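Chemist: Below is one structure. I have some questions about it.
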Amino acid sequence: MADNTSTALPPRQGHLSPDDLVISAMEFFNVPCSQWTDDQRLALTEYHETVPQIVRELNEDVDRCLSRVGLEPLVKLFDRIFFRGQLFDVRCMGATPEDLHDCYGCTETREGQVYIYINSQHGQEDGDSSAAISVISTVLHECVHAYFTKAACKGSEDTDSCECKQAWREDIGKGGHGESWQRLAAVVERKACEVLGMQVRLGREKAVQAHYDTTGDEFGREVIKFCFGEKAKLAVDDSSGTVEIVYSE
Ligand SMILES: [Zn+2]
Ligand SMILES: [Zn+2]
């Protein structure tokens, strides 16, 4: 396969932190589509060929589509387009709302294998976008989690082996939606809207609230600006414990 390797990510061997990955991802996402690798372009073509059928099936019945076709082919295409082959062996399957505690999706590691679970009742109460767009958005949201899980070092209990645990905690945080997740999700969402021909939303505002709920941490101005634009600010309401992105005129 002819491939330009200048944007390829080295296989995980050292101790890349989530922040290291974001820095390298910025370079990767700055490459204009005209300079994409052959495989990236091929994967995007395959995406546009296969996705109309998936969209139809999802809009008809998410549960049936998940159990019949599954969304692993979609993850594999997103991997080749956006995640530089790091998610090649990630599994993806449907799960019940009960299993997922009513979340749209979840990423889990069991015995070294990374699984993405997608809610089988997905998006059916979501008024403003089709079930298909909602599911595809969730798949991308979970792919960002899976990417950090696969490509960054989480450190180990045995502090002699490496000290990455601290970096992981600072960059990603307990619930998984820390600064590095936010930054990468923002660039993935922008690029995805540009190339997929579909307005995907990665639930980044909700993730800001989720991060606050699990860690009590607010994001700094720089992060908010980068992820939500120049006019965005974080409004914190201590009494109700809510944080909200607000946009000034
Ligand atoms: Zn490490
Ligand atoms: Zn998440």
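FYI, nothing fancy with the structure tokens labels: chains A, B, ... in order, residues from 1 per chain, ligands from 1 as they appear.
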Could you write out, as a list in words, all the residues of segment 5-242 of chain A that DSSP marks as strand (DSSP E)?
Modeler: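 Of segment 5-242 of chain A, only Arg91, Cys92, Met93, Gly94, Ala95, Gly105, Cys106, Thr107, Glu108, Thr109, Arg110, Gln113, Val114, Tyr115, Ile116, Tyr117, Ile118, Asn119, Ala232, Lys233, Leu234, Ala235, Val236, Asp237 and Thr242 of chain A fall in strand (DSSP E).
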Chemist: Those residues with C-alpha atoms, as a JSON list (two decimals), in the first residue's frame please?
Modeler:
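The result, stored in out_39.json:
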[["chain", "number", "residue", "atom", "x", "y", "z"],
["A", 91, "ARG", "CA", -14.67, -4.08, 18.94],
["A", 92, "CYS", "CA", -17.99, -2.27, 18.68],
["A", 93, "MET", "CA", -21.44, -3.61, 19.57],
["A", 94, "GLY", "CA", -24.90, -2.72, 20.78],
["A", 95, "ALA", "CA", -25.92, -2.72, 24.44],
["A", 105, "GLY", "CA", -22.24, 4.89, 24.53],
["A", 106, "CYS", "CA", -19.34, 3.64, 26.57],
["A", 107, "THR", "CA", -15.78, 2.46, 26.02],
["A", 108, "GLU", "CA", -14.37, -0.31, 28.17],
["A", 109, "THR", "CA", -11.21, -2.39, 28.36],
["A", 110, "ARG", "CA", -11.42, -6.04, 29.36],
["A", 113, "GLN", "CA", -9.32, -5.73, 24.54],
["A", 114, "VAL", "CA", -11.07, -2.39, 23.97],
["A", 115, "TYR", "CA", -14.84, -2.49, 23.44],
["A", 116, "ILE", "CA", -17.17, 0.29, 22.32],
["A", 117, "TYR", "CA", -20.81, -0.18, 23.32],
["A", 118, "ILE", "CA", -23.59, 1.74, 21.62],
["A", 119, "ASN", "CA", -27.05, 2.17, 23.15],
["A", 232, "ALA", "CA", -17.15, 30.98, 24.24],
["A", 233, "LYS", "CA", -16.88, 31.19, 28.00],
["A", 234, "LEU", "CA", -17.50, 28.77, 30.81],
["A", 235, "ALA", "CA", -20.28, 29.84, 33.13],
["A", 236, "VAL", "CA", -20.13, 28.10, 36.48],
["A", 237, "ASP", "CA", -23.09, 28.03, 38.81],
["A", 242, "THR", "CA", -23.75, 23.25, 36.67]]
Chemist: Return as JSON, numbers by chain the residues of protein, DNA or RNA that approach ligand 2 to within 7 Å, with only C-alpha atoms and all ligand atoms taken into account.
Modeler: {"A": [106, 141, 142, 145, 176, 177, 207]}
Chemist: With C-alpha atoms retained, write the just-selected residues as a compact mmCIF listing (two decimals), in the first residue's frame.
Modeler:
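Result saved to selection04.txt:
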# COMPACT_ATOMS: atom_id res chain seq x y z
CA CYS A 106 -19.34 3.64 26.57
CA HIS A 141 -17.22 10.24 20.59
CA GLU A 142 -16.32 6.74 21.78
CA HIS A 145 -11.94 7.60 24.17
CA GLY A 176 -12.41 10.39 30.57
CA HIS A 177 -13.48 13.83 29.34
CA ALA A 207 -18.77 16.20 28.39
Chemist: Find the residues near Pro73 of chain A: any atom within 12 Å, counting only C-alpha atoms, skip ones fewer than 6 places away on the same chain, and give them as a ChimeraX atom specification.
Modeler: /A:43,46-47,50-51,54,66,79-80,87-93,136,139
Chemist: May I have the residues within 10 Å of segment 131-134 of chain A as an NGL selection string, using only C-alpha atoms and disregarding those fewer than 5 positions away in the same chain?
Modeler: :A and (51-52 or 54-62 or 104 or 121-126 or 139 or 198-203)
Chemist: Would you give me, as a Markdown table, each residue of chain A having an atom within 12 Å of an atom of ligand 1, along with its shortest atom pair and that distance in Å to one decimal, using only C-alpha atoms and all ligand atoms and sorting by chain and residue number?
Modeler:
| residue | atom | partner | partner_atom_place_in_ligand_line | distance |
| --- | --- | --- | --- | --- |
| A:Arg12 | CA | ligand 1 | 1 (Zn) | 10.0 |
| A:Gln13 | CA | ligand 1 | 1 (Zn) | 8.9 |
| A:Gly14 | CA | ligand 1 | 1 (Zn) | 6.9 |
| A:His15 | CA | ligand 1 | 1 (Zn) | 4.1 |
| A:Leu16 | CA | ligand 1 | 1 (Zn) | 7.0 |
| A:Ser17 | CA | ligand 1 | 1 (Zn) | 7.8 |
| A:Pro18 | CA | ligand 1 | 1 (Zn) | 10.9 |
| A:Ala151 | CA | ligand 1 | 1 (Zn) | 10.9 |
| A:Ala152 | CA | ligand 1 | 1 (Zn) | 8.0 |
| A:Cys153 | CA | ligand 1 | 1 (Zn) | 4.6 |
| A:Lys154 | CA | ligand 1 | 1 (Zn) | 6.2 |
| A:Gly155 | CA | ligand 1 | 1 (Zn) | 4.5 |
| A:Ser156 | CA | ligand 1 | 1 (Zn) | 7.3 |
| A:Glu157 | CA | ligand 1 | 1 (Zn) | 10.7 |
| A:Asp158 | CA | ligand 1 | 1 (Zn) | 10.4 |
| A:Thr159 | CA | ligand 1 | 1 (Zn) | 9.3 |
| A:Asp160 | CA | ligand 1 | 1 (Zn) | 10.0 |
| A:Ser161 | CA | ligand 1 | 1 (Zn) | 7.2 |
| A:Cys162 | CA | ligand 1 | 1 (Zn) | 4.5 |
| A:Glu163 | CA | ligand 1 | 1 (Zn) | 5.8 |
| A:Cys164 | CA | ligand 1 | 1 (Zn) | 4.3 |
| A:Lys165 | CA | ligand 1 | 1 (Zn) | 7.2 |
| A:Gln166 | CA | ligand 1 | 1 (Zn) | 9.7 |
| A:Ala167 | CA | ligand 1 | 1 (Zn) | 9.1 |
| A:Trp168 | CA | ligand 1 | 1 (Zn) | 9.3 |
Chemist: Compile the contact shell of Leu44 of chain A as a tab-separated table (two decimals) with C-alpha atoms, in the first residue's frame: residues with an atom at most 8 Å away, counting only C-alpha atoms, same-chain residues fewer than 5 positions apart removed.
Modeler:
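Result file part-v3.tsv:
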chain	number	residue	atom	x	y	z
A	77	LEU	CA	-13.28	3.36	8.54
A	81	ILE	CA	-9.62	8.30	8.28
A	195	VAL	CA	-15.35	15.41	5.12
A	196	LEU	CA	-18.28	13.17	6.10
Chemist: Could you pull out the residues in segment 71-136 of chain A that DSSP calls alpha helix (DSSP H) from the backbone, as a count of residues only?
Modeler: 17
Chemist: Using only C-alpha atoms, which of A:Phe78, A:Tyr247, A:Phe226, A:Phe148 sits nearest Val187 of chain A?
Modeler: A:Phe226
Chemist: Any idea what the distance is between atom CA of Lys225 of chain A and atom CA of Lys174 of chain A?
Modeler: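 Interatomic distance, atom CA of Lys225 of chain A to atom CA of Lys174 of chain A: 22.6 Å.
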Chemist: Using only C-alpha atoms, can you tell me which of A:Ser248, A:Ser240, A:Thr215, A:Ser120 comes closest to Arg68 of chain A?
Modeler: A:Ser120
